[in-house]
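Each remark here refers to the structure printed beneath this line.
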Number of protein chains: 2
Amino acid sequence: MDRRLTTLISVDDAVDLLARTLSGAVSLEPEEVRVLEAVGRIIAEPVETEIDIPPFNRSAVDGYAVHADDTVNASVYNPVELVLKGVLTPSDKPPSECVEPGEAVRVHTGSPIPCGADAVVMDEDVEVKDGSIIVYKPVSPGQNISRRGEDFAKGDVIIARGTILNPVHIGVISSIGVDRVKVYRRLRIGVLTSGNEVCEPGIDRDCDTLIYNSSARLITALLRQSRFIDVKYYGVFPDDPEILSDAVVEASMENDLVVTTGGTGISEGDALIDAMLNTGKIVFRGVKMRPGRPTTLSLINNKPVLHLSGYPVAAWTGYEAILIPAVRKWLGLKGLERLVVYARLSRRIPNTVGYRSYIRVILRDAGGEYVAEPYMLRGSGVLSSLLKSHGYIVVPENVEGVEKDSVVPVYLLI
Amino acid sequence: MDRRLTTLISVDDAVDLLARTLSGAVSLEPEEVRVLEAVGRIIAEPVETEIDIPPFNRSAVDGYAVHADDTVNASVYNPVELVLKGVLTPSDKPPSECVEPGEAVRVHTGSPIPCGADAVVMDEDVEVKDGSIIVYKPVSPGQNISRRGEDFAKGDVIIARGTILNPVHIGVISSIGVDRVKVYRRLRIGVLTSGNEVCEPGIDRDCDTLIYNSSARLITALLRQSRFIDVKYYGVFPDDPEILSDAVVEASMENDLVVTTGGTGISEGDALIDAMLNTGKIVFRGVKMRPGRPTTLSLINNKPVLHLSGYPVAAWTGYEAILIPAVRKWLGLKGLERLVVYARLSRRIPNTVGYRSYIRVILRDAGGEYVAEPYMLRGSGVLSSLLKSHGYIVVPENVEGVEKDSVVPVYLLI
């Protein structure tokens, strides 16, 4: 095992290896939860509808349900008079009595369409007289009607396995009368950090290095945003192989995956890498990406341990470029993608061929288009750069840079 | 009081009125929480830093700390040799010994810059010989150094009041050694729905209307996404003024704000509006927007009650266009804005002058630009349209429509 970062692998291979390791080590059993408690959880089996939505033909507008045939020749010069036969509100059920030719029934948006009627004339194309309506415009069969099953038809899969449930999904599942769904149990992730010089806010009152733990806390907070993850935060441990090894073993027993920050750089002590070599095995050591090059994966008790850099931005890149894509790949997730906008690059971004670079950018609204200004090309420790940037650009491995004025996809933060 | 939707007010006035009502009725006392538990909460007082970040000058690259003066004439034709005096790692503190002219100290990204040195020569511009380095390129004073306080300077406000804390904020607050922050207590919102024909999934086993409650559940799930809100879901109540009045009074006592769905349309029974008129007072009845025109605000026990349409998309529009902007305005929130992309409109959108319209769109990636395809211009009941659309366009009150091929901002969903 070369601990010196000479056998770096590609980002794609790193994602693959972590996904495969998770798949081999972790089984997320499904559990049943109330739909209203399921926001942000991952659906474990497809949700099918057993009813049609809408359950019967309904009006899509406020107007009058008619026989379309009656209106074929209707115009301002040839108005058609129809006899008004009652009202149907959206809370009415479809009546048994049918509309006969020459008749019309008042309907609102959502009202059932009575049998016989096959179109709805809109309010603005009608004049109301006592007991009848005058139609000035023809309607074609089906016009202004939401057909039974048009929204969802009986038997349709409306939510696919792997979907992360958002509020609209919750509404849709409720609309088909379903109140309990099978979701995967939460993924348990433990987070800890190593570093003699790192102080823990609130615990180390006298921090003479003035370096407070932010990376592991950033990663913890990022993971806590996902409601399908249970995060346990273990805090800071000194650079001592034995202590670190014990800490990681404990965390690995209590979790499906352990994430560490710090102790991965070649300029840092080898305590963490030593701990992993003594207790488990290294799967990969270093990734061809910037920042985040020293990102490392090891196995302890057959549980994956992902080692991120101690520098906040490099740790964040490991989370964004490897951890999340690997979880997405492993579970076939739908709904964890970053939103993308296109933007014109304000200046050239250089790249080292062979490396995939993640470049933070500030977006400026240039009226109808965005301009992306690369921000802090260096400084993987500079947390404020994540605070101030709006998104990031990915520069692929096979290019020497991206030219000024290129239009590039920007992945939006938050 | 005209219950017939003839005195509609503008969206902006509706937002104002709800914001002012909330401000008069509700006081969100601050509470102290651990930073790691504060994701998604609203910061109640500005967070200032008492230390500089970085706490001392640090190297921004891997290289050698030098006197910039020594390198002024360095080039490939005129290499400059400097004596190597030790190594500083990122976990070292700034040493007391200074670098003298003619000397260099090995540093890594994050290492402290020793006194005397005022620039860092990067690895690629240097050749290492035993005990010394050969420099081929000049550096200017300050080059490749992150200056003390450059990220955040002592006394800086790093998080403004009203900020909704995201993971990066959590990292930043931790990095200045702060572990507890003051956030507003959670806003308590009760949600209920009215409608004789509406069944509750999981409770009403035999639903012969086949209309299940989705709007109130959609709104509940939307609100549950915000971690600064505590949502209590009360379920479905029949269209009976007395029962509805009791339900709303109970919900208003247990919450800061009550949100109802259903019973607001002119074609629906007046039970809900009657209940409000009997028990409290109506603040506004109807808003000049589409969908969501019947959106109504009342006051019960001096607590605001926002009445949204029973149609899912119209209810959603009331949430998006009135409820969220009013809460944002009331609390001065930062961080609740929708992300915006620009897109070219695939066809004309008509508008009724005087109304603000919210048009769902599907975005297609046309290589470097987005095309927005209006989706389901009608049908405020069609929940699948929210599932299938990617965002929405706002058509202002003062236009008759938006032309095909216009480039418009699209507010992204989720």
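If you're wondering about the labels, chains in the structure tokens are A, B, ... by order shown, residues count from 1 in each chain, ligands from 1 in order shown.
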
Proximity of chain B to chain A: per-residue shortest pair, 7 Å limit, only C-alpha atoms, as a tab-separated table:
residue	atom	partner	partner_atom	distance
B:Leu36	CA	A:Ala221	CA	6.5
B:Val39	CA	A:Ala221	CA	6.5
B:Pro55	CA	A:Leu210	CA	6.3
B:Ala60	CA	A:Gly379	CA	5.4
B:Thr89	CA	A:Ser267	CA	6.4
B:Ser91	CA	A:Glu197	CA	5.6
B:Lys93	CA	A:Thr209	CA	6.5
B:His108	CA	A:Ser267	CA	6.9
B:Asp151	CA	A:Ser384	CA	6.0
B:Pro167	CA	A:Ala221	CA	4.8
B:Val168	CA	A:Leu218	CA	6.1
B:Ile170	CA	A:Leu218	CA	6.1
B:Gly171	CA	A:Leu218	CA	4.4
B:Val172	CA	A:Leu383	CA	6.5
B:Ser174	CA	A:Ser214	CA	5.2
B:Ser175	CA	A:Ser214	CA	4.9
B:Ile176	CA	A:Tyr212	CA	6.7
B:Gly177	CA	A:Pro201	CA	4.5
B:Val178	CA	A:Pro201	CA	5.5
B:Asp179	CA	A:Gly202	CA	5.0
B:Glu197	CA	A:Ser91	CA	5.6
B:Pro201	CA	A:Gly177	CA	4.5
B:Gly202	CA	A:Asp179	CA	5.0
B:Thr209	CA	A:Lys93	CA	6.5
B:Leu210	CA	A:Pro55	CA	6.3
B:Tyr212	CA	A:Ser175	CA	5.0
B:Asn213	CA	A:Ser175	CA	6.1
B:Ser214	CA	A:Gly171	CA	4.8
B:Ser215	CA	A:Gly171	CA	6.5
B:Arg217	CA	A:Gly171	CA	5.7
B:Leu218	CA	A:Gly171	CA	4.4
B:Ala221	CA	A:Pro167	CA	4.8
B:Leu222	CA	A:Pro167	CA	5.2
B:Ser267	CA	A:Thr89	CA	6.4
B:Glu268	CA	A:Thr89	CA	7.0
B:Val341	CA	A:Val341	CA	6.0
B:Tyr342	CA	A:Gly368	CA	6.0
B:Gly368	CA	A:Tyr342	CA	6.0
B:Glu369	CA	A:Tyr342	CA	6.7
B:Arg378	CA	A:Ala60	CA	6.7
B:Gly379	CA	A:Ala60	CA	5.4
B:Val382	CA	A:Asp151	CA	6.6
B:Leu383	CA	A:Val172	CA	6.5
B:Ser384	CA	A:Asp151	CA	6.0
B:Leu386	CA	A:Val168	CA	6.8
B:Leu387	CA	A:Val168	CA	6.2
B:Val407	CA	A:Gly368	CA	6.4

Writer output for current selection, C-alpha atoms, as a JSON list (two decimals), in the first residue's frame:
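Saved the output as result38.json:
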[["chain", "number", "residue", "atom", "x", "y", "z"],
["B", 36, "LEU", "CA", -25.17, 21.27, 14.70],
["B", 39, "VAL", "CA", -29.68, 23.57, 10.08],
["B", 55, "PRO", "CA", -5.80, 33.41, 12.48],
["B", 60, "ALA", "CA", -2.36, 29.12, -0.18],
["B", 89, "THR", "CA", 3.02, 21.78, 8.21],
["B", 91, "SER", "CA", -0.84, 21.89, 11.96],
["B", 93, "LYS", "CA", 1.85, 27.21, 14.81],
["B", 108, "HIS", "CA", 2.13, 23.20, 2.39],
["B", 151, "ASP", "CA", -11.60, 35.09, 5.16],
["B", 167, "PRO", "CA", -24.83, 23.61, 6.04],
["B", 168, "VAL", "CA", -22.18, 26.08, 4.91],
["B", 170, "ILE", "CA", -23.00, 25.76, 10.13],
["B", 171, "GLY", "CA", -19.42, 25.19, 8.98],
["B", 172, "VAL", "CA", -18.62, 28.89, 9.04],
["B", 174, "SER", "CA", -18.08, 26.41, 13.77],
["B", 175, "SER", "CA", -14.89, 27.76, 12.20],
["B", 176, "ILE", "CA", -15.00, 30.83, 14.43],
["B", 177, "GLY", "CA", -15.31, 28.66, 17.53],
["B", 178, "VAL", "CA", -19.01, 29.29, 18.19],
["B", 179, "ASP", "CA", -21.13, 26.32, 19.28],
["B", 197, "GLU", "CA", -66.96, 15.03, -0.29],
["B", 201, "PRO", "CA", -56.54, 8.50, 3.13],
["B", 202, "GLY", "CA", -56.13, 5.69, 5.63],
["B", 209, "THR", "CA", -66.70, 10.13, -3.94],
["B", 210, "LEU", "CA", -63.17, 8.87, -4.70],
["B", 212, "TYR", "CA", -59.10, 12.06, -1.30],
["B", 213, "ASN", "CA", -57.61, 14.95, 0.61],
["B", 214, "SER", "CA", -54.46, 15.92, -1.21],
["B", 215, "SER", "CA", -54.36, 19.74, -0.96],
["B", 217, "ARG", "CA", -51.52, 17.20, 2.79],
["B", 218, "LEU", "CA", -49.53, 18.85, 0.03],
["B", 221, "ALA", "CA", -45.63, 18.47, 3.41],
["B", 222, "LEU", "CA", -44.46, 21.76, 1.87],
["B", 267, "SER", "CA", -69.43, 27.48, -6.23],
["B", 268, "GLU", "CA", -68.82, 25.74, -2.94],
["B", 341, "VAL", "CA", -33.14, 30.13, -14.70],
["B", 342, "TYR", "CA", -33.82, 32.00, -17.91],
["B", 368, "GLY", "CA", -26.74, 25.99, -23.78],
["B", 369, "GLU", "CA", -30.23, 27.40, -23.25],
["B", 378, "ARG", "CA", -56.01, 25.16, -17.18],
["B", 379, "GLY", "CA", -56.83, 22.65, -14.51],
["B", 382, "VAL", "CA", -54.44, 18.59, -11.72],
["B", 383, "LEU", "CA", -51.79, 17.57, -9.22],
["B", 384, "SER", "CA", -49.77, 15.65, -11.77],
["B", 386, "LEU", "CA", -46.91, 19.96, -10.41],
["B", 387, "LEU", "CA", -45.22, 16.58, -10.53],
["B", 407, "VAL", "CA", -36.71, 34.99, -22.63]]

Please return as number ranges by chain: the residues of region 81-323 of chain A that backbone DSSP assigns to alpha helix (DSSP H).
-> A: 167-175, 215-224, 241-254, 271-279, 312-318

Atoms kept (N, CA and C atoms) for selection, written as a short mmCIF file (atom, residue, chain, number, x, y, z; two decimals), in the first residue's frame:
data_model
loop_
_atom_site.label_atom_id
_atom_site.label_comp_id
_atom_site.auth_asym_id
_atom_site.auth_seq_id
_atom_site.Cartn_x
_atom_site.Cartn_y
_atom_site.Cartn_z
N PRO A 167 -42.72 17.21 -1.41
CA PRO A 167 -44.11 17.49 -1.01
C PRO A 167 -45.14 17.16 -2.08
N VAL A 168 -44.79 17.38 -3.35
CA VAL A 168 -45.76 17.07 -4.41
C VAL A 168 -46.03 15.56 -4.45
N HIS A 169 -44.98 14.76 -4.27
CA HIS A 169 -45.20 13.31 -4.20
C HIS A 169 -46.17 12.97 -3.06
N ILE A 170 -46.00 13.63 -1.92
CA ILE A 170 -46.87 13.37 -0.77
C ILE A 170 -48.32 13.69 -1.15
N GLY A 171 -48.53 14.82 -1.85
CA GLY A 171 -49.86 15.18 -2.31
C GLY A 171 -50.42 14.15 -3.28
N VAL A 172 -49.59 13.72 -4.22
CA VAL A 172 -50.03 12.77 -5.24
C VAL A 172 -50.38 11.42 -4.60
N ILE A 173 -49.55 10.95 -3.70
CA ILE A 173 -49.84 9.66 -3.04
C ILE A 173 -51.14 9.76 -2.24
N SER A 174 -51.34 10.90 -1.56
CA SER A 174 -52.59 11.10 -0.82
C SER A 174 -53.79 11.09 -1.75
N SER A 175 -53.62 11.69 -2.94
CA SER A 175 -54.76 11.84 -3.85
C SER A 175 -55.28 10.50 -4.36
N SER A 215 -14.76 21.36 9.15
CA SER A 215 -15.01 20.42 8.05
C SER A 215 -15.98 19.32 8.45
N ALA A 216 -15.71 18.67 9.58
CA ALA A 216 -16.58 17.56 9.97
C ALA A 216 -17.97 18.07 10.30
N ARG A 217 -18.04 19.30 10.81
CA ARG A 217 -19.35 19.88 11.13
C ARG A 217 -20.09 20.28 9.85
N LEU A 218 -19.34 20.78 8.87
CA LEU A 218 -19.95 21.08 7.57
C LEU A 218 -20.54 19.80 6.97
N ILE A 219 -19.76 18.72 6.98
CA ILE A 219 -20.22 17.45 6.40
C ILE A 219 -21.43 16.92 7.18
N THR A 220 -21.38 17.02 8.51
CA THR A 220 -22.52 16.58 9.33
C THR A 220 -23.77 17.35 8.96
N ALA A 221 -23.64 18.68 8.82
CA ALA A 221 -24.80 19.51 8.49
C ALA A 221 -25.32 19.20 7.08
N LEU A 222 -24.40 18.97 6.14
CA LEU A 222 -24.81 18.60 4.78
C LEU A 222 -25.62 17.30 4.80
N LEU A 223 -25.12 16.32 5.54
CA LEU A 223 -25.81 15.03 5.59
C LEU A 223 -27.14 15.17 6.32
N ARG A 224 -27.19 16.03 7.33
CA ARG A 224 -28.44 16.20 8.10
C ARG A 224 -29.54 16.82 7.26
N PRO A 241 -2.71 6.66 16.23
CA PRO A 241 -3.30 5.54 15.48
C PRO A 241 -4.22 4.68 16.34
N GLU A 242 -3.84 4.46 17.60
CA GLU A 242 -4.65 3.57 18.43
C GLU A 242 -6.00 4.21 18.78
N ILE A 243 -5.94 5.47 19.21
CA ILE A 243 -7.18 6.18 19.56
C ILE A 243 -8.08 6.29 18.33
N LEU A 244 -7.48 6.65 17.20
CA LEU A 244 -8.26 6.81 15.97
C LEU A 244 -8.89 5.49 15.54
N SER A 245 -8.10 4.45 15.63
CA SER A 245 -8.58 3.14 15.24
C SER A 245 -9.77 2.73 16.11
N ASP A 246 -9.66 2.95 17.42
CA ASP A 246 -10.79 2.63 18.32
C ASP A 246 -12.03 3.45 17.96
N ALA A 247 -11.79 4.73 17.67
CA ALA A 247 -12.93 5.62 17.37
C ALA A 247 -13.64 5.17 16.10
N VAL A 248 -12.86 4.85 15.07
CA VAL A 248 -13.46 4.45 13.80
C VAL A 248 -14.17 3.10 13.95
N VAL A 249 -13.56 2.18 14.70
CA VAL A 249 -14.21 0.88 14.91
C VAL A 249 -15.55 1.07 15.62
N GLU A 250 -15.56 1.90 16.65
CA GLU A 250 -16.80 2.15 17.37
C GLU A 250 -17.85 2.74 16.43
N ALA A 251 -17.43 3.76 15.67
CA ALA A 251 -18.38 4.41 14.75
C ALA A 251 -18.87 3.43 13.69
N SER A 252 -17.99 2.53 13.25
CA SER A 252 -18.39 1.59 12.20
C SER A 252 -19.40 0.57 12.74
N MET A 253 -19.33 0.28 14.04
CA MET A 253 -20.30 -0.66 14.60
C MET A 253 -21.67 -0.03 14.74
N GLU A 254 -21.69 1.29 14.93
CA GLU A 254 -22.96 1.97 15.15
C GLU A 254 -23.58 2.54 13.88
N ALA A 271 -1.14 9.24 11.10
CA ALA A 271 -1.86 8.52 12.15
C ALA A 271 -3.13 7.85 11.62
N LEU A 272 -3.91 8.59 10.83
CA LEU A 272 -5.18 8.04 10.37
C LEU A 272 -4.96 6.89 9.40
N ILE A 273 -4.05 7.10 8.44
CA ILE A 273 -3.78 6.04 7.46
C ILE A 273 -3.18 4.82 8.16
N ASP A 274 -2.29 5.06 9.13
CA ASP A 274 -1.75 3.94 9.93
C ASP A 274 -2.86 3.18 10.65
N ALA A 275 -3.77 3.96 11.24
CA ALA A 275 -4.88 3.32 11.97
C ALA A 275 -5.67 2.41 11.04
N MET A 276 -5.91 2.90 9.81
CA MET A 276 -6.71 2.11 8.86
C MET A 276 -5.95 0.87 8.39
N LEU A 277 -4.63 1.04 8.16
CA LEU A 277 -3.83 -0.10 7.71
C LEU A 277 -3.74 -1.15 8.80
N ASN A 278 -3.68 -0.71 10.06
CA ASN A 278 -3.59 -1.67 11.18
C ASN A 278 -4.90 -2.41 11.39
N THR A 279 -6.02 -1.71 11.21
CA THR A 279 -7.30 -2.28 11.61
C THR A 279 -8.09 -2.83 10.44
N PRO A 312 -12.00 22.47 4.50
CA PRO A 312 -13.45 22.46 4.30
C PRO A 312 -13.88 22.32 2.84
N VAL A 313 -13.27 23.06 1.94
CA VAL A 313 -13.74 23.02 0.55
C VAL A 313 -13.38 21.69 -0.09
N ALA A 314 -12.23 21.14 0.29
CA ALA A 314 -11.82 19.84 -0.25
C ALA A 314 -12.73 18.74 0.32
N ALA A 315 -13.08 18.88 1.60
CA ALA A 315 -14.01 17.91 2.21
C ALA A 315 -15.36 17.99 1.50
N TRP A 316 -15.80 19.22 1.27
CA TRP A 316 -17.08 19.43 0.58
C TRP A 316 -17.06 18.80 -0.81
N THR A 317 -15.93 18.92 -1.51
CA THR A 317 -15.83 18.35 -2.85
C THR A 317 -15.92 16.83 -2.80
N GLY A 318 -15.30 16.23 -1.78
CA GLY A 318 -15.41 14.78 -1.61
C GLY A 318 -16.85 14.35 -1.37
#

Write out as a ChimeraX atom specification the residues lying within 9 Å of Val11 (chain A), counting only C-alpha atoms and excluding same-chain residues fewer than 4 positions away.
-> /A:15-16,287-289,321-322,355-356

Just-selected residues, N, CA and C atoms written as a PDB file, in the first residue's frame:
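Below is the file result22.pdb, written as the result:
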ATOM      1  N   VAL A  15     -16.287   6.732  -7.296  1.00  0.00           N
ATOM      2  CA  VAL A  15     -17.734   6.639  -7.057  1.00  0.00           C
ATOM      3  C   VAL A  15     -18.184   5.180  -7.159  1.00  0.00           C
ATOM      4  N   ASP A  16     -17.714   4.500  -8.216  1.00  0.00           N
ATOM      5  CA  ASP A  16     -18.030   3.083  -8.415  1.00  0.00           C
ATOM      6  C   ASP A  16     -17.626   2.231  -7.225  1.00  0.00           C
ATOM      7  N   VAL A 287      -7.683  10.555  -5.211  1.00  0.00           N
ATOM      8  CA  VAL A 287      -8.554  10.640  -6.373  1.00  0.00           C
ATOM      9  C   VAL A 287      -8.056  11.770  -7.267  1.00  0.00           C
ATOM     10  N   LYS A 288      -8.127  11.548  -8.586  1.00  0.00           N
ATOM     11  CA  LYS A 288      -7.661  12.565  -9.533  1.00  0.00           C
ATOM     12  C   LYS A 288      -8.683  13.689  -9.645  1.00  0.00           C
ATOM     13  N   MET A 289      -8.812  14.446  -8.571  1.00  0.00           N
ATOM     14  CA  MET A 289      -9.711  15.603  -8.610  1.00  0.00           C
ATOM     15  C   MET A 289      -9.122  16.725  -7.771  1.00  0.00           C
ATOM     16  N   ALA A 321     -18.722  15.192  -4.906  1.00  0.00           N
ATOM     17  CA  ALA A 321     -18.291  14.502  -6.121  1.00  0.00           C
ATOM     18  C   ALA A 321     -18.216  12.994  -5.938  1.00  0.00           C
ATOM     19  N   ILE A 322     -18.091  12.520  -4.700  1.00  0.00           N
ATOM     20  CA  ILE A 322     -17.931  11.082  -4.492  1.00  0.00           C
ATOM     21  C   ILE A 322     -19.020  10.504  -3.587  1.00  0.00           C
ATOM     22  N   TYR A 355      -6.906  15.515 -14.262  1.00  0.00           N
ATOM     23  CA  TYR A 355      -7.670  15.830 -13.049  1.00  0.00           C
ATOM     24  C   TYR A 355      -9.037  16.402 -13.403  1.00  0.00           C
ATOM     25  N   ARG A 356     -10.046  16.066 -12.611  1.00  0.00           N
ATOM     26  CA  ARG A 356     -11.343  16.722 -12.735  1.00  0.00           C
ATOM     27  C   ARG A 356     -11.384  17.834 -11.694  1.00  0.00           C
TER      28      ARG A 356
END

Strand (DSSP E) residues, from DSSP on the backbone, in region 37-262 of chain B, as an NGL selection string | :B and (47-48 or 58-59 or 63-66 or 80-88 or 103-107 or 119-122 or 126-129 or 132-135 or 145-146 or 157-159 or 180-184 or 187-194 or 229-237 or 257-261)

How would the residues just chosen look if you wrote them out with C-alpha atoms as a PDB file, in the first residue's frame?
ATOM      1  CA  VAL B  47     -23.281  36.262  14.400  1.00  0.00           C
ATOM      2  CA  GLU B  48     -19.990  38.167  14.779  1.00  0.00           C
ATOM      3  CA  ARG B  58      -1.035  30.955   5.750  1.00  0.00           C
ATOM      4  CA  SER B  59       0.271  29.491   2.536  1.00  0.00           C
ATOM      5  CA  GLY B  63       5.806  25.596  -2.081  1.00  0.00           C
ATOM      6  CA  TYR B  64       8.441  27.626  -0.267  1.00  0.00           C
ATOM      7  CA  ALA B  65       8.045  30.718   1.926  1.00  0.00           C
ATOM      8  CA  VAL B  66      10.618  33.330   0.895  1.00  0.00           C
ATOM      9  CA  VAL B  80      18.281  32.214  -7.619  1.00  0.00           C
ATOM     10  CA  GLU B  81      19.511  29.770  -4.962  1.00  0.00           C
ATOM     11  CA  LEU B  82      18.054  29.956  -1.442  1.00  0.00           C
ATOM     12  CA  VAL B  83      19.065  27.955   1.624  1.00  0.00           C
ATOM     13  CA  LEU B  84      16.329  25.576   2.835  1.00  0.00           C
ATOM     14  CA  LYS B  85      15.567  26.061   6.544  1.00  0.00           C
ATOM     15  CA  GLY B  86      13.105  23.400   7.661  1.00  0.00           C
ATOM     16  CA  VAL B  87       9.442  22.607   7.091  1.00  0.00           C
ATOM     17  CA  LEU B  88       6.145  23.977   8.430  1.00  0.00           C
ATOM     18  CA  GLU B 103      16.568  31.536   3.052  1.00  0.00           C
ATOM     19  CA  ALA B 104      13.397  29.528   2.283  1.00  0.00           C
ATOM     20  CA  VAL B 105      11.055  27.363   4.373  1.00  0.00           C
ATOM     21  CA  ARG B 106       9.089  24.415   2.976  1.00  0.00           C
ATOM     22  CA  VAL B 107       5.319  25.004   3.376  1.00  0.00           C
ATOM     23  CA  ALA B 119       5.533  35.335  -0.410  1.00  0.00           C
ATOM     24  CA  VAL B 120       5.395  31.676  -1.426  1.00  0.00           C
ATOM     25  CA  VAL B 121       7.120  30.281  -4.532  1.00  0.00           C
ATOM     26  CA  MET B 122       5.069  27.408  -5.944  1.00  0.00           C
ATOM     27  CA  VAL B 126      11.413  25.607  -8.044  1.00  0.00           C
ATOM     28  CA  GLU B 127      14.024  22.903  -8.248  1.00  0.00           C
ATOM     29  CA  VAL B 128      15.115  21.218  -5.016  1.00  0.00           C
ATOM     30  CA  LYS B 129      18.793  20.452  -4.382  1.00  0.00           C
ATOM     31  CA  SER B 132      18.665  24.476  -0.999  1.00  0.00           C
ATOM     32  CA  ILE B 133      16.161  25.405  -3.688  1.00  0.00           C
ATOM     33  CA  ILE B 134      16.666  27.004  -7.098  1.00  0.00           C
ATOM     34  CA  VAL B 135      13.983  29.572  -7.947  1.00  0.00           C
ATOM     35  CA  ILE B 145      -0.450  33.894   0.900  1.00  0.00           C
ATOM     36  CA  SER B 146      -3.863  33.869   2.603  1.00  0.00           C
ATOM     37  CA  VAL B 157     -20.828  40.109  11.049  1.00  0.00           C
ATOM     38  CA  ILE B 158     -20.622  36.778   9.266  1.00  0.00           C
ATOM     39  CA  ILE B 159     -24.285  35.781   9.465  1.00  0.00           C
ATOM     40  CA  ARG B 180     -24.423  27.889  20.333  1.00  0.00           C
ATOM     41  CA  VAL B 181     -26.556  30.323  18.380  1.00  0.00           C
ATOM     42  CA  LYS B 182     -29.781  32.193  18.982  1.00  0.00           C
ATOM     43  CA  VAL B 183     -32.527  31.177  16.562  1.00  0.00           C
ATOM     44  CA  TYR B 184     -36.215  32.051  16.473  1.00  0.00           C
ATOM     45  CA  LEU B 187     -43.340  28.999  13.797  1.00  0.00           C
ATOM     46  CA  ARG B 188     -46.362  26.834  14.652  1.00  0.00           C
ATOM     47  CA  ILE B 189     -48.787  26.279  11.788  1.00  0.00           C
ATOM     48  CA  GLY B 190     -51.956  24.188  11.931  1.00  0.00           C
ATOM     49  CA  VAL B 191     -53.420  22.777   8.721  1.00  0.00           C
ATOM     50  CA  LEU B 192     -56.953  21.515   8.175  1.00  0.00           C
ATOM     51  CA  THR B 193     -59.340  21.055   5.313  1.00  0.00           C
ATOM     52  CA  SER B 194     -63.097  21.278   4.833  1.00  0.00           C
ATOM     53  CA  ILE B 229     -41.856  25.532  11.050  1.00  0.00           C
ATOM     54  CA  ASP B 230     -43.725  23.085  13.283  1.00  0.00           C
ATOM     55  CA  VAL B 231     -46.745  21.796  11.399  1.00  0.00           C
ATOM     56  CA  LYS B 232     -49.735  20.175  13.033  1.00  0.00           C
ATOM     57  CA  TYR B 233     -52.116  18.404  10.687  1.00  0.00           C
ATOM     58  CA  TYR B 234     -55.756  18.272  11.802  1.00  0.00           C
ATOM     59  CA  GLY B 235     -57.376  16.425   8.903  1.00  0.00           C
ATOM     60  CA  VAL B 236     -60.747  16.784   7.147  1.00  0.00           C
ATOM     61  CA  PHE B 237     -63.856  18.473   8.615  1.00  0.00           C
ATOM     62  CA  LEU B 257     -51.155  30.586  12.075  1.00  0.00           C
ATOM     63  CA  VAL B 258     -53.865  28.316  10.722  1.00  0.00           C
ATOM     64  CA  VAL B 259     -54.036  27.304   7.075  1.00  0.00           C
ATOM     65  CA  THR B 260     -57.201  25.761   5.647  1.00  0.00           C
ATOM     66  CA  THR B 261     -57.838  24.276   2.214  1.00  0.00           C
TER      67      THR B 261
END

Of the listed residues A:Ala372, A:Ile9, A:Leu17, A:Leu308, that which approaches Gly263 (chain A) most closely, counting only C-alpha atoms = A:Leu308

Coordinates-based distance that separates CA of Ile164 (chain A) from CA of Leu336 (chain B) (Å, one decimal) |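 Taking CA of Leu336 (chain B) and CA of Ile164 (chain A), their separation equals 20.7 Å.
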
What gap, in Å, lies between CA of Thr296 (chain B) and CA of Gly391 (chain B)?
-> 24.8 Å

Excluding same-chain residues fewer than 3 positions from Val283 (chain B), what lies within 7 Å of it counting only C-alpha atoms, as a PyMOL selection string?
-> chain B and resi 297-299

Quote the spacing between CA of Val361 (chain B) and CA of Val410 (chain A) in Å to one decimal place.
-> 20.8 Å

Counting only C-alpha atoms, what is within 7 Å of Ala68 (chain A), bar same-chain residues fewer than 6 positions away, as a PyMOL selection string?
-> chain A and resi 118-119+139-141

Keeping N, CA and C atoms for every residue in the selection just given, could you write it to a file as a JSON list (two decimals), in the first residue's frame?
[["chain", "number", "residue", "atom", "x", "y", "z"],
["A", 118, "ASP", "N", -70.79, 15.98, -23.71],
["A", 118, "ASP", "CA", -69.44, 15.57, -24.11],
["A", 118, "ASP", "C", -68.51, 16.78, -24.32],
["A", 119, "ALA", "N", -68.94, 17.98, -23.87],
["A", 119, "ALA", "CA", -68.08, 19.17, -23.97],
["A", 119, "ALA", "C", -68.61, 20.23, -23.02],
["A", 139, "VAL", "N", -68.21, 24.14, -29.69],
["A", 139, "VAL", "CA", -67.19, 23.36, -28.97],
["A", 139, "VAL", "C", -67.09, 21.99, -29.62],
["A", 140, "SER", "N", -65.90, 21.42, -29.59],
["A", 140, "SER", "CA", -65.73, 20.09, -30.18],
["A", 140, "SER", "C", -65.83, 19.03, -29.07],
["A", 141, "PRO", "N", -66.15, 17.79, -29.43],
["A", 141, "PRO", "CA", -66.30, 16.75, -28.41],
["A", 141, "PRO", "C", -65.05, 16.65, -27.55]]

If we count only C-alpha atoms, what is near Pro396 (chain A) at a cut-off of 10 Å, once residues fewer than 6 positions away on the same chain are taken out, given as a list in words?
->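 Contacts, with the query itself left out: Met289, Asn351, Thr352, Val353, Gly354, Tyr355, Arg356, Ser357, Tyr358 and Val402 of chain A.
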